[in-house]
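Engineer: My file is model_0.cif. It has mmCIF, C-alpha atoms:
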```
data_run
loop_
_atom_site.label_atom_id
_atom_site.label_comp_id
_atom_site.auth_asym_id
_atom_site.auth_seq_id
_atom_site.Cartn_x
_atom_site.Cartn_y
_atom_site.Cartn_z
CA MET D 1 102.58 75.04 100.65
CA GLU D 2 104.00 78.14 102.26
CA THR D 3 102.53 79.41 105.51
CA GLU D 4 101.13 82.92 105.79
CA LEU D 5 104.21 84.06 107.67
CA GLN D 6 106.49 82.64 104.96
CA LEU D 7 104.44 84.54 102.36
CA ILE D 8 104.87 87.76 104.32
CA LYS D 9 108.62 87.31 104.81
CA LYS D 10 109.19 86.56 101.14
CA MET D 11 107.23 89.62 100.02
CA GLU D 12 108.91 91.83 102.59
CA SER D 13 112.27 91.21 100.93
CA ASN D 14 110.97 93.34 98.04
CA VAL D 15 109.83 96.08 100.41
CA ASP D 16 113.22 96.05 102.16
CA PHE D 17 114.90 96.45 98.78
CA VAL D 18 112.68 99.43 97.86
CA ILE D 19 113.32 101.11 101.19
CA SER D 20 117.09 100.64 101.16
CA ASP D 21 117.58 101.33 97.46
CA PHE D 22 114.95 103.96 96.69
CA LYS D 23 117.43 106.70 95.78
CA ASN D 24 119.27 104.38 93.39
CA LEU D 25 115.96 103.36 91.85
CA GLN D 26 115.20 107.03 91.28
CA LYS D 27 118.54 107.45 89.50
CA LYS D 28 118.18 104.35 87.33
CA TYR D 29 114.44 104.32 86.60
CA PRO D 30 113.05 107.86 86.90
CA ASN D 31 109.38 108.08 85.92
CA GLU D 32 109.18 104.37 85.16
CA TYR D 33 107.36 101.37 86.52
CA VAL D 34 109.62 98.70 87.96
CA ALA D 35 108.92 95.07 88.86
CA ILE D 36 110.78 93.77 91.90
CA PHE D 37 111.11 90.06 92.60
CA ASN D 38 113.29 88.32 95.19
CA GLY D 39 114.76 91.68 96.15
CA LYS D 40 115.90 92.78 92.69
CA VAL D 41 114.52 94.58 89.65
CA ILE D 42 113.40 92.12 86.96
CA GLY D 43 111.88 94.64 84.57
CA ASP D 44 111.21 98.29 83.94
CA GLU D 45 108.89 100.06 81.52
CA LYS D 46 107.32 103.46 81.01
CA ASN D 47 103.96 101.75 80.66
CA LEU D 48 102.26 99.57 83.27
CA GLU D 49 100.64 97.19 80.78
CA SER D 50 103.97 96.58 79.03
CA LEU D 51 105.60 95.81 82.35
CA SER D 52 102.83 93.39 83.30
CA LYS D 53 103.42 91.49 80.04
CA LYS D 54 107.15 91.40 80.71
CA VAL D 55 106.55 90.06 84.22
CA ASN D 56 104.30 87.31 82.85
CA GLU D 57 107.06 86.28 80.43
CA ARG D 58 109.82 86.33 83.02
CA VAL D 59 107.95 84.74 85.92
CA LYS D 60 105.95 81.92 84.36
CA ASP D 61 104.65 80.41 87.60
CA ALA D 62 101.54 82.30 88.75
CA ASN D 63 102.23 81.30 92.36
CA GLU D 64 105.62 83.00 92.10
CA ARG D 65 104.13 86.09 90.42
CA LEU D 66 102.32 86.73 93.71
CA PHE D 67 105.69 87.89 95.00
CA VAL D 68 106.30 90.50 92.31
CA LEU D 69 105.99 94.04 93.60
CA ILE D 70 105.26 96.68 90.97
CA LYS D 71 106.04 100.28 91.79
CA TYR D 72 106.10 103.58 90.00
CA ILE D 73 109.38 105.40 90.60
CA PRO D 74 108.99 109.17 90.35
CA ASP D 75 112.07 111.24 89.61
CA LYS D 76 113.56 113.39 92.36
CA MET D 77 111.55 116.44 91.40
CA VAL D 78 108.16 114.76 91.69
CA ASP D 79 106.39 113.64 94.83
CA ILE D 80 103.45 111.28 94.59
CA ILE D 81 100.71 112.03 97.08
CA ILE D 82 98.17 109.26 97.37
CA MET F 83 98.12 94.51 123.22
CA THR F 84 99.67 93.33 119.98
CA ARG F 85 102.07 95.42 117.95
CA ILE F 86 102.42 95.00 114.22
CA PRO F 87 105.61 96.69 113.06
CA LEU F 88 105.50 98.86 109.95
CA LYS F 89 108.41 99.37 107.60
CA PHE F 90 109.32 103.02 107.28
CA GLY F 91 110.46 104.14 103.83
CA LYS F 92 111.99 107.45 104.79
CA ASP F 93 113.17 108.42 101.28
CA GLU F 94 109.61 108.28 99.96
CA ALA F 95 107.91 109.00 103.31
CA ARG F 96 105.78 105.88 103.25
CA LEU F 97 104.74 103.31 105.80
CA TYR F 98 104.57 99.77 104.45
CA LEU F 99 102.76 96.80 105.92
CA THR F 100 102.73 93.35 104.33
CA ALA F 101 99.94 90.94 105.19
CA ALA F 102 98.72 87.59 103.92
CA VAL F 103 95.16 88.22 102.76
CA LYS F 104 92.71 85.38 102.22
CA PHE F 105 89.79 86.04 99.89
CA ALA F 106 86.96 83.51 100.44
CA GLU F 107 88.11 80.03 99.36
CA LYS F 108 91.28 81.23 97.59
CA PRO F 109 94.72 80.57 99.12
CA PRO F 110 96.23 83.50 101.04
CA ILE F 111 98.05 86.13 98.99
CA PRO F 112 100.90 88.35 100.19
CA ILE F 113 99.84 91.98 99.82
CA THR F 114 102.04 94.97 100.54
CA PHE F 115 99.95 97.90 101.77
CA VAL F 116 100.78 101.54 102.26
CA VAL F 117 99.34 102.78 105.55
CA ASP F 118 97.57 106.04 104.79
CA THR F 119 95.41 107.84 107.34
CA GLY F 120 94.44 110.27 104.57
CA SER F 121 92.40 107.49 103.01
CA ALA F 122 89.00 106.63 104.43
CA ASN F 123 89.13 103.24 102.71
CA THR F 124 91.18 100.07 102.82
CA PHE F 125 91.66 98.40 99.47
CA VAL F 126 93.77 96.04 97.39
CA ASP F 127 94.76 96.84 93.83
CA GLU F 128 93.91 94.00 91.45
CA GLN F 129 97.45 94.10 90.10
CA GLN F 130 98.47 92.38 93.35
CA THR F 131 95.78 89.72 93.10
CA SER F 132 95.67 89.03 89.37
CA ALA F 133 98.20 86.18 89.56
CA MET F 134 95.63 84.33 91.69
CA ARG F 135 92.97 85.24 89.12
CA ILE F 136 91.18 87.58 91.49
CA PHE F 137 89.94 90.51 89.39
CA ALA F 138 87.85 93.52 90.35
CA ARG F 139 85.44 92.87 87.48
CA SER F 140 84.40 89.59 89.14
CA TYR F 141 82.89 91.49 92.07
CA LYS F 142 80.01 93.90 92.45
CA PHE F 143 80.81 97.54 91.77
CA LEU F 144 80.57 99.68 94.91
CA LYS F 145 81.82 103.20 94.15
CA TYR F 146 84.50 105.38 92.62
CA SER F 147 87.15 107.36 94.42
CA HIS F 148 90.02 109.60 93.44
CA LEU F 149 93.54 108.32 93.97
CA GLY F 150 96.36 110.69 93.18
CA GLY F 151 95.57 112.10 89.77
CA THR F 152 93.27 109.32 88.64
CA MET F 153 90.05 107.56 89.54
CA ILE F 154 89.65 104.01 90.82
CA SER F 155 86.59 101.80 91.05
CA HIS F 156 85.95 99.83 94.21
CA HIS F 157 84.39 96.36 94.12
CA GLU F 158 82.96 94.49 97.09
CA VAL F 159 84.78 91.30 98.02
CA GLY F 160 83.04 90.55 101.32
CA GLY F 161 85.15 89.79 104.34
CA VAL F 162 88.76 88.69 104.22
CA LYS F 163 91.13 87.16 106.73
CA MET F 164 94.31 89.17 107.16
CA THR F 165 97.38 87.64 108.78
CA PHE F 166 100.12 89.84 110.16
CA TYR F 167 103.57 89.24 111.65
CA THR F 168 103.80 90.79 115.11
CA SER F 169 106.80 92.34 116.82
CA GLU F 170 106.92 89.16 118.96
CA LYS F 171 107.40 87.13 115.74
CA ALA F 172 103.97 85.58 116.11
CA ARG F 173 101.02 85.56 113.76
CA LYS F 174 97.94 87.69 114.26
CA ASP F 175 94.77 86.91 112.32
CA ILE F 176 92.04 89.48 111.81
CA LYS F 177 88.73 89.18 110.02
CA PHE F 178 88.06 92.41 108.19
CA ASP F 179 84.94 93.26 106.21
CA GLY F 180 85.75 96.79 105.10
CA ILE F 181 88.10 95.97 102.26
CA THR F 182 87.52 96.39 98.54
CA ILE F 183 89.41 95.40 95.44
CA VAL F 184 90.13 98.27 93.08
CA LYS F 185 91.21 98.94 89.54
CA ASN F 186 92.05 101.98 87.46
CA ALA F 187 88.71 103.32 86.26
CA LYS F 188 90.27 105.41 83.50
CA PRO F 189 93.00 103.27 81.96
CA GLY F 190 95.04 105.11 79.37
CA LYS F 191 93.65 108.50 80.31
CA SER F 192 95.62 109.27 83.43
CA ALA F 193 99.27 110.23 83.19
CA ILE F 194 100.36 107.98 86.06
CA TYR F 195 98.57 105.15 87.76
CA GLU F 196 100.42 103.54 90.62
CA PRO F 197 98.92 100.16 91.50
CA VAL F 198 98.91 100.61 95.26
CA SER F 199 97.03 98.88 98.06
CA ILE F 200 96.05 100.99 101.04
CA ILE F 201 95.28 100.43 104.70
CA GLY F 202 93.08 103.40 105.53
CA MET F 203 91.20 104.82 108.46
CA ASN F 204 88.36 102.30 108.30
CA PHE F 205 90.83 99.54 109.18
CA LEU F 206 91.94 101.39 112.31
CA GLU F 207 88.34 102.15 113.27
CA GLU F 208 86.88 98.70 112.71
CA THR F 209 89.71 96.83 114.43
CA ASN F 210 90.04 99.30 117.33
CA ALA F 211 93.65 99.79 116.38
CA SER F 212 95.95 102.71 116.99
CA LEU F 213 98.83 103.93 114.87
CA TYR F 214 102.19 105.06 116.22
CA VAL F 215 104.73 106.82 113.99
CA ASN F 216 108.02 108.39 115.02
CA PRO F 217 109.89 109.34 111.82
CA SER F 218 112.98 110.62 113.62
CA LYS F 219 113.44 107.19 115.23
CA GLY F 220 112.29 105.33 112.14
CA GLU F 221 109.76 103.59 114.35
CA ALA F 222 106.19 102.83 113.41
CA TYR F 223 103.61 100.23 114.36
CA ILE F 224 99.92 99.46 114.56
CA GLU F 225 98.71 98.42 117.98
CA LEU F 226 95.74 96.09 118.29
CA GLU F 227 93.76 95.37 121.43
#
```
With the file now loaded, output its structure as structure tokens.
Structural biologist:
Amino acid sequence: METELQLIKKMESNVDFVISDFKNLQKKYPNEYVAIFNGKVIGDEKNLESLSKKVNERVKDANERLFVLIKYIPDKMVDIII
Amino acid sequence: MTRIPLKFGKDEARLYLTAAVKFAEKPPIPITFVVDTGSANTFVDEQQTSAMRIFARSYKFLKYSHLGGTMISHHEVGGVKMTFYTSEKARKDIKFDGITIVKNAKPGKSAIYEPVSIIGMNFLEETNASLYVNPSKGEAYIELE
């Protein structure tokens, strides 16, 4: 079983990918939801529910699905304020 | 003092913090938070917990709040244990009671719902933490006593 710090490190690889590649994500997936796993995009959809289904198909192991980061990628002309 | 480094996403102007969060008797789950001092609340979106079969509907409804252009419902989960990775490469465990699990309260009606988990002001208040951000240096951290 992975330790808490191993869990954090593994998940942070997705965050690092988003931070370093955000502009490319905006070019490739404007106004879409993307699923990021092991530092790469494993699915993209306009609809969150559709993407969740795709993630379940592509990452069968629920323990591995913990490491999927889902993000909405706005295009360059839209800022999201949370 | 303990420093917990934040990851600074300069192209989207966000501060990210990943923690291992333990809900009751469940195994710890890695959760990536956005640090947002504009939010009074700290919460986890159920999209990040659903793989462990932790759903908002399993917990008592607490309140609604607005998030971006939509509305979310908060559900009480009781206290959690949060584990962080410090700048000294050590672990830091914190018990935190002020966290909720949330879900989109108006699915299908809002144009965009981003499933995001937030560390808000109540986390800083309840843990006596301070937040340092220097965007020009790309440096950001939470400091705990």
Engineer: Hey, which of D:Lys40, D:Lys46, D:Lys53, D:Arg65 ends up closest to chain F? Count all atoms listed in the file.
Structural biologist: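 When distances to chain F are compared using all atoms listed in the file, the smallest one comes from D:Arg65.
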Engineer: Could you list, as an NGL selection string, every residue within 7 Å of region 28-37 of chain D, counting all atoms listed in the file and ignoring same-chain residues fewer than 4 positions away?
Structural biologist: :D and (14 or 24 or 41-48 or 67-75)
Engineer: Kindly determine which residues of chain D lie within 7 Å of chain F, considering all atoms listed in the file, and give the answer as a VMD selection string.
Structural biologist: chain D and resid 4 to 5 7 to 8 11 to 12 19 22 62 to 63 65 to 66 71 to 72 81 to 82
Engineer: Run the PyMOL selection byres ((chain F and resi 153) around 9) against the file shown and list the residues it catches, as an MDAnalysis selection string.
Structural biologist: chainID F and resid 146:152 154:155 185:188 192
Engineer: Starting from the displayed file, determine the output of the PyMOL selection byres ((chain F and resi 226) around 6) and express the residue list as number ranges by chain.
Structural biologist: F: 83-84, 211, 225, 227
Engineer: Using all atoms listed in the file for the distances, tell me which of F:Arg139, F:Lys177, F:His156, F:Lys219 is nearest to Ala106 (chain F).
Structural biologist: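 So, comparing all the options, the nearest one is F:Lys177.
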Engineer: Given the file shown, determine the residues that the PyMOL selection byres ((chain F and resi 205) around 12) selects; report them as number ranges by chain.
Structural biologist: F: 115, 117-119, 121-125, 164, 176-182, 200-204, 206-213, 224-226
Engineer: To one decimal place, how far is CA of Ile183 (chain F) from CA of Gly39 (chain D) in Å?
Structural biologist: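 CA of Ile183 (chain F) sits 25.6 Å away from CA of Gly39 (chain D).
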Engineer: Taking only C-alpha atoms into account, name the residue in F:Tyr223, F:Ile136, F:Glu107, F:Asp127 that is nearest to Gly161 (chain F).
Structural biologist: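 Result for the nearest residue to Gly161 (chain F): F:Glu107.
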Engineer: So, with all atoms listed in the file as the atoms that count, which of D:Thr3, D:Ser13, D:Gln26, D:Asn38 lies closest to Lys76 (chain D)?
Structural biologist: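 Of the candidates, the smallest distance to Lys76 (chain D) is held by D:Gln26.
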Engineer: Report, in Å to a single decimal, how far apart CA of Phe137 (chain F) and CA of Phe17 (chain D) are.
Structural biologist: 27.3 Å
Engineer: With all atoms listed in the file as the basis for distance, which of F:Lys108, F:Glu221, F:Val184, F:Lys145 is at the shortest distance from Lys163 (chain F)?
Structural biologist: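 Among the listed residues, F:Lys108 lies closest to Lys163 (chain F).
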Engineer: Could you jot down the CA of Ser50 (chain D) to CA of Ser140 (chain F) separation for me, Å, one decimal place?
Structural biologist: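 So the two atoms, CA of Ser50 (chain D) and CA of Ser140 (chain F), lie 23.1 Å apart.
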Engineer: Assuming 3 Å of padding per side, give the centre and edge lengths of the axis-aligned box around every listed atom of region 21-39 of chain D, in Å to one decimal and as lines of an AutoDock Vina configuration file.
Structural biologist:
```
center_x = 113.3
center_y = 98.2
center_z = 91.3
size_x = 17.9
size_y = 25.8
size_z = 18.3
```
